[in-house]
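Novice: This is work.cif (mmCIF, C-alpha atoms).
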data_entry
#
loop_
_atom_site.label_atom_id
_atom_site.label_comp_id
_atom_site.auth_asym_id
_atom_site.auth_seq_id
_atom_site.Cartn_x
_atom_site.Cartn_y
_atom_site.Cartn_z
CA ILE Q 50 75.50 105.07 123.84
CA ALA Q 51 76.70 102.61 121.22
CA VAL Q 52 79.09 99.82 122.17
CA CYS Q 53 81.61 98.82 119.52
CA LEU Q 54 82.64 95.28 118.65
CA ALA Q 55 85.47 94.93 116.15
CA VAL Q 56 87.14 91.99 114.42
CA ARG Q 57 90.47 92.65 112.70
CA ALA Q 58 92.63 90.42 110.51
CA PHE Q 59 96.22 91.42 109.82
CA THR Q 60 99.04 90.30 107.62
CA ALA Q 61 102.43 91.98 107.60
CA THR Q 62 105.75 91.71 105.85
CA ASP Q 63 107.33 91.65 109.30
CA PRO Q 64 105.53 89.28 111.71
CA GLY Q 65 106.63 91.40 114.64
CA ALA Q 66 104.69 94.34 113.23
CA ILE Q 67 101.32 92.64 113.69
CA ALA Q 68 101.29 93.33 117.41
CA SER Q 69 101.65 97.05 116.82
CA SER Q 70 99.26 97.51 113.89
CA SER Q 71 95.78 99.01 113.92
CA PRO Q 72 93.77 100.94 111.33
CA THR Q 73 92.93 103.62 113.90
CA SER Q 74 96.20 103.99 115.81
CA PRO Q 75 99.75 104.33 114.53
CA PRO Q 76 102.11 101.33 114.76
CA THR Q 77 105.35 101.85 116.65
CA ARG Q 78 107.42 100.35 113.79
CA PHE Q 79 107.74 101.59 110.23
CA ASP Q 80 108.35 98.39 108.28
CA PRO Q 81 105.70 98.16 105.52
CA LEU Q 82 102.59 96.41 106.81
CA GLY Q 83 100.40 94.01 104.91
CA PRO Q 84 96.66 94.34 104.28
CA VAL Q 85 94.13 94.85 107.06
CA PHE Q 86 90.51 93.68 107.08
CA LEU Q 87 88.21 95.28 109.66
CA LEU Q 88 84.64 94.31 110.53
CA MET Q 89 83.01 96.69 113.01
CA GLU Q 90 79.58 96.69 114.64
CA GLU Q 91 78.31 99.42 116.98
CA ASN Q 92 74.98 98.84 118.69
CA ASP Q 93 73.28 100.29 121.74
CA ALA Q 94 71.31 97.07 122.30
CA LEU Q 95 74.33 95.83 124.27
CA VAL Q 96 73.53 98.45 126.94
CA ASP Q 97 69.75 97.91 126.69
CA GLN Q 98 69.00 101.08 124.73
CA ASP Q 99 67.43 101.78 121.35
CA ARG Q 100 67.64 105.47 120.50
CA HIS Q 101 69.56 108.24 118.69
CA TYR Q 102 72.73 106.72 117.14
CA THR Q 103 71.42 103.21 117.61
CA GLN Q 104 73.45 101.06 115.21
CA GLY Q 105 76.36 101.20 112.80
CA ALA Q 106 78.08 98.48 110.78
CA ARG Q 107 81.18 98.88 108.64
CA ILE Q 108 83.50 96.65 106.60
CA THR Q 109 86.93 98.11 105.77
CA TYR Q 110 89.83 96.84 103.71
CA LEU Q 111 93.24 98.57 103.82
CA HIS Q 112 95.73 97.54 101.13
CA THR Q 113 99.39 96.65 101.67
CA GLU Q 114 101.48 99.71 102.44
CA ASN Q 115 103.54 101.43 99.72
CA ARG Q 116 101.71 99.58 96.94
CA MET Q 117 99.63 102.28 95.28
CA PRO Q 118 99.17 103.09 91.59
CA ASP Q 119 101.90 105.42 90.36
CA TRP Q 120 99.50 108.26 89.55
CA LEU Q 121 97.99 108.12 93.01
CA ALA Q 122 101.38 107.85 94.72
CA ARG Q 123 102.57 110.96 92.86
CA GLY Q 124 99.50 112.91 93.90
CA ALA Q 125 99.66 111.75 97.51
CA SER Q 126 103.32 112.70 97.77
CA ARG Q 127 102.38 116.32 97.09
CA LEU Q 128 100.23 116.51 100.23
CA SER Q 129 101.88 118.44 103.04
CA ALA Q 130 102.69 116.58 106.24
CA ILE Q 131 102.63 118.68 109.40
CA GLY Q 132 104.73 117.54 112.32
CA TYR Q 133 105.94 114.18 111.02
CA ASP Q 134 107.72 112.43 108.15
CA PRO Q 135 105.45 110.06 106.14
CA LEU Q 136 107.25 106.76 105.53
CA ALA Q 137 104.34 104.46 104.63
CA TRP Q 138 101.23 105.03 102.53
CA ARG Q 139 98.23 102.92 101.63
CA ILE Q 140 94.71 103.11 100.27
CA GLY Q 141 91.53 101.45 101.44
CA LEU Q 142 87.83 101.00 100.81
CA SER Q 143 84.95 100.81 103.25
CA VAL Q 144 81.21 100.08 103.09
CA GLY Q 145 78.86 100.85 105.96
CA GLN Q 146 75.41 101.67 107.24
CA SER Q 147 74.36 103.83 110.20
CA MET Q 148 70.91 104.35 111.67
CA PHE Q 149 69.40 106.96 113.96
CA THR Q 150 66.05 106.98 115.76
CA PRO Q 151 64.15 109.06 118.33
CA ASP Q 152 63.78 107.89 121.91
CA ASP Q 153 60.30 106.43 121.32
CA THR Q 154 60.58 104.09 118.33
CA ARG Q 155 57.07 102.62 118.77
CA ARG Q 156 55.27 105.91 118.18
CA GLU Q 157 53.73 106.08 114.70
CA THR Q 158 53.18 109.85 114.58
CA LEU Q 159 55.89 112.43 113.85
CA ILE Q 160 57.99 113.47 116.87
CA PRO Q 161 59.06 117.06 116.06
CA ASP Q 162 61.19 117.66 119.17
CA ASP Q 163 63.45 114.58 118.96
CA ARG Q 164 66.00 113.15 116.55
CA PRO Q 165 64.27 111.98 113.34
CA PHE Q 166 64.42 108.47 111.95
CA ALA Q 167 67.30 108.38 109.49
CA GLY Q 168 69.61 105.93 107.75
CA TRP Q 169 72.97 106.50 106.05
CA LEU Q 170 74.27 103.92 103.57
CA TYR Q 171 77.72 104.77 102.24
CA GLY Q 172 80.98 103.74 100.65
CA SER Q 173 84.37 105.27 101.46
CA PHE Q 174 87.73 105.81 99.83
CA ILE Q 175 90.61 106.05 102.33
CA LEU Q 176 94.12 107.43 101.93
CA GLN Q 177 96.27 106.63 104.96
CA ARG Q 178 99.87 107.48 105.80
CA ARG Q 179 102.09 107.17 108.86
CA GLY Q 180 105.55 108.06 110.09
CA PRO Q 181 107.53 109.43 113.05
CA SER Q 182 107.45 112.94 114.45
CA PRO Q 183 110.79 114.73 115.13
CA ALA Q 184 110.55 113.36 118.69
CA GLY Q 185 110.00 109.81 117.43
CA THR Q 186 106.26 109.66 118.22
CA PRO Q 187 104.40 107.44 115.71
CA ILE Q 188 101.75 109.43 113.81
CA LEU Q 189 98.94 108.03 111.68
CA GLU Q 190 96.91 110.28 109.38
CA SER Q 191 93.86 109.39 107.27
CA LEU Q 192 91.92 111.26 104.61
CA GLN Q 193 88.53 109.75 103.86
CA LEU Q 194 85.67 110.59 101.54
CA ASP Q 195 82.27 109.03 102.26
CA ALA Q 196 79.65 109.00 99.50
CA GLY Q 197 76.22 107.63 100.20
CA ILE Q 198 72.51 108.13 100.50
CA VAL Q 199 70.09 109.16 103.25
CA GLY Q 200 66.47 108.08 103.40
CA GLU Q 201 64.43 105.07 102.37
CA ASP Q 202 67.11 103.85 99.94
CA SER Q 203 69.52 103.42 102.85
CA PHE Q 204 67.41 100.38 103.91
CA ALA Q 205 67.87 101.31 107.57
CA ASP Q 206 64.19 100.70 108.39
CA ASP Q 207 64.32 97.20 106.91
CA ALA Q 208 67.61 96.43 108.64
CA GLN Q 209 66.44 97.56 112.08
CA ASN Q 210 63.11 95.76 112.08
CA TRP Q 211 64.66 92.60 110.62
CA ALA Q 212 67.26 92.60 113.42
CA HIS Q 213 64.58 93.14 116.07
CA ARG Q 214 62.59 90.17 114.81
CA TRP Q 215 65.59 87.90 114.27
CA PHE Q 216 67.25 88.54 117.64
CA ASP Q 217 64.01 89.19 119.54
CA ILE Q 218 65.37 92.40 121.06
CA GLY Q 219 62.31 94.64 120.97
CA ARG Q 220 59.17 95.59 119.16
CA PRO Q 221 59.32 96.83 115.56
CA ALA Q 222 60.04 100.53 115.12
CA ARG Q 223 56.85 102.10 113.73
CA GLY Q 224 57.97 105.62 112.91
CA TRP Q 225 60.16 104.98 109.88
CA ILE Q 226 57.43 106.41 107.64
CA HIS Q 227 58.66 109.81 108.92
CA GLN Q 228 62.34 109.25 108.16
CA LEU Q 229 64.38 111.89 106.34
CA ASP Q 230 63.76 112.25 102.62
CA THR Q 231 66.00 110.36 100.22
CA GLU Q 232 69.00 112.36 99.03
CA PRO Q 233 72.67 111.70 98.22
CA GLY Q 234 75.48 112.97 100.41
CA LEU Q 235 79.24 113.48 100.55
CA ALA Q 236 81.16 113.54 103.84
CA PRO Q 237 84.91 114.30 103.80
CA ARG Q 238 86.74 113.26 106.98
CA TYR Q 239 90.20 113.80 108.41
CA HIS Q 240 91.66 111.65 111.18
CA ARG Q 241 95.00 111.91 112.97
CA ALA Q 242 96.30 109.83 115.85
CA ALA Q 243 99.52 109.80 117.87
CA ARG Q 244 100.66 106.85 119.96
CA ILE Q 245 102.35 107.83 123.17
CA LEU Q 246 105.14 105.49 124.22
CA ASP Q 247 105.87 105.17 127.93
CA ASP Q 248 107.34 102.73 130.45
CA LEU Q 249 103.92 101.34 131.39
CA ALA Q 250 103.21 100.38 127.77
CA GLU Q 251 106.57 98.65 127.46
CA ARG Q 252 106.05 96.65 130.67
CA ALA Q 253 102.57 95.63 129.54
CA ARG Q 254 103.93 94.44 126.20
CA GLU Q 255 106.36 92.11 127.99
CA ARG Q 256 103.34 90.46 129.68
CA GLY Q 257 101.44 89.87 126.45
CA VAL Q 258 99.19 92.93 126.77
CA LEU Q 259 99.16 95.49 123.96
CA ASP Q 260 98.91 98.88 125.69
CA GLU Q 261 98.05 101.74 123.32
CA PRO Q 262 97.96 105.18 124.97
CA ARG Q 263 97.09 107.66 122.23
CA VAL Q 264 95.61 111.04 121.42
CA GLN Q 265 93.61 111.62 118.27
CA GLU Q 266 91.46 114.18 116.52
CA GLU Q 267 88.95 113.91 113.70
CA LEU Q 268 87.32 116.56 111.52
CA GLY Q 269 84.45 115.97 109.15
CA ARG Q 270 81.20 117.25 107.75
CA ALA Q 271 79.20 115.19 110.22
CA ARG Q 272 81.31 115.49 113.36
CA ALA Q 273 84.47 116.80 114.97
CA LEU Q 274 86.23 115.28 117.96
CA CYS Q 275 89.39 115.29 120.01
CA GLU Q 276 90.06 112.52 122.49
CA ALA Q 277 92.68 110.80 124.58
CA ALA Q 278 92.45 107.07 125.21
CA ARG Q 279 94.35 104.09 126.54
CA VAL Q 280 93.43 100.83 124.84
CA LEU Q 281 94.42 97.50 126.35
CA THR Q 282 94.40 94.37 124.15
CA TYR Q 283 95.31 90.94 125.50
CA ARG Q 284 96.80 88.70 122.83
CA VAL Q 285 95.81 85.02 122.96
#
Represent the supplied structure as structure tokens.

Specialist:
Amino acid sequence: IAVCLAVRAFTATDPGAIASSSPTSPPTRFDPLGPVFLLMEENDALVDQDRHYTQGARITYLHTENRMPDWLARGASRLSAIGYDPLAWRIGLSVGQSMFTPDDTRRETLIPDDRPFAGWLYGSFILQRRGPSPAGTPILESLQLDAGIVGEDSFADDAQNWAHRWFDIGRPARGWIHQLDTEPGLAPRYHRAARILDDLAERARERGVLDEPRVQEELGRARALCEAARVLTYRV
């Protein structure tokens, strides 16, 4: 279990659009939005665990909508859109690191029947677009290509043991000598989300609470998922 903490900074051409903007869920309005900066940390230390997918950090920047180079805009316009009409496009970049460990991180010998020690250091190029479905449901779609490296050059072993010493949250992990071999990797990803508008969300908005019921799916080389969620954000 990894708990996610996220810090987002928004600017928008329409101040009213800030309340309905998120890089992972589609805004309810289609005025062009300004840039988005996202800092995300996922760590199982918050639930007193240290195993499997144990930590992930990512910095993402999404550029102002409808301000892409002409050659890229022409290419993106040729992509088919299924079930909605794209009205806003933007590009983005991301840098991140993920780490994975077995259940027993203090064991120095190889553990053949558990998840191996592994790190993934990567950069991403993001192409994002959004628009309404025929029924008016806001849709957000993202195409992402991750390129990075697995193994010692991901610096996951250094990062984990430095964090353990700095925050005094456990003994050093001793099995990183058995981590996966160093090799490059490419991971294409597809993400699509739909925000469901209902009376409850509208009433919550009137009380200063951003209610985001949504369904989303993601396909990629590393994982595939489909989920439904209701996210509540209180604006202060």

Novice: For a quick check of understanding, using all atoms listed in the file, which of Q:Asp119, Q:Ile226, Q:Ile131, Q:Arg238 has the smallest distance to Ser191 of chain Q?

Specialist: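 With all atoms listed in the file as the atom set, the closest residue is Q:Arg238.
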
Novice: Expand the PyMOL selection byres ((chain Q and resi 153) around 12) into the explicit residue set it covers here, and present it as a ChimeraX atom specification.

Specialist: /Q:98-101,149-152,154-166,219-225

Novice: Evaluate the PyMOL selection byres ((chain Q and resi 202-210) around 6) here and jot the selected residues down as a VMD selection string.

Specialist: chain Q and resid 148 168 to 170 199 to 201 211 to 213 221

Novice: Here is a test: counting only C-alpha atoms, which residue of Q:Thr103, Q:Ser182, Q:Thr109, Q:Gln177 is nearest to Ser143 of chain Q?

Specialist: Q:Thr109

Novice: Report the distance between atom CA of Leu87 of chain Q and atom CA of Gln228 of chain Q in Å, rounded to one decimal place.

Specialist: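 Atom-to-atom, atom CA of Leu87 of chain Q to atom CA of Gln228 of chain Q, that is 29.4 Å.
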
Novice: Counting only C-alpha atoms, which residues come within 8 Å of (75.5, 103.4, 113.9), with the point read in the file's coordinates, and could you list them as a PyMOL selection string?

Specialist: chain Q and resi 51+90-92+102-106+146-149

Novice: Would you mind reading off the distance between atom CA of Ala243 of chain Q and atom CA of Ile175 of chain Q, one decimal, in Å?

Specialist: 18.3 Å

Novice: Take the PyMOL selection byres ((chain Q and resi 139) around 7), run it mentally on this structure, and tell me the resulting residues as a PyMOL selection string.

Specialist: chain Q and resi 111-117+137-138+140-141+176-178

Novice: Quick one: distance from atom CA of Leu235 of chain Q to atom CA of Phe174 of chain Q in Å, one decimal?

Specialist: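 Straight-line distance from atom CA of Leu235 of chain Q to atom CA of Phe174 of chain Q works out to 11.5 Å.
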
Novice: Restricting the calculation to all atoms listed in the file: of Q:Gly83, Q:Pro135, Q:Pro233, Q:Gly145, which residue gets closest to Leu189 of chain Q?

Specialist: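 Among the listed residues, the smallest separation from Leu189 of chain Q belongs to Q:Pro135.
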
Novice: Considering only C-alpha atoms, state which residue in the set Q:Gly132, Q:Ala167, Q:Arg127, Q:Val85 is at the smallest distance from His227 of chain Q.

Specialist: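 Ranking Q:Gly132, Q:Ala167, Q:Arg127, Q:Val85 by distance to His227 of chain Q, first place goes to Q:Ala167.
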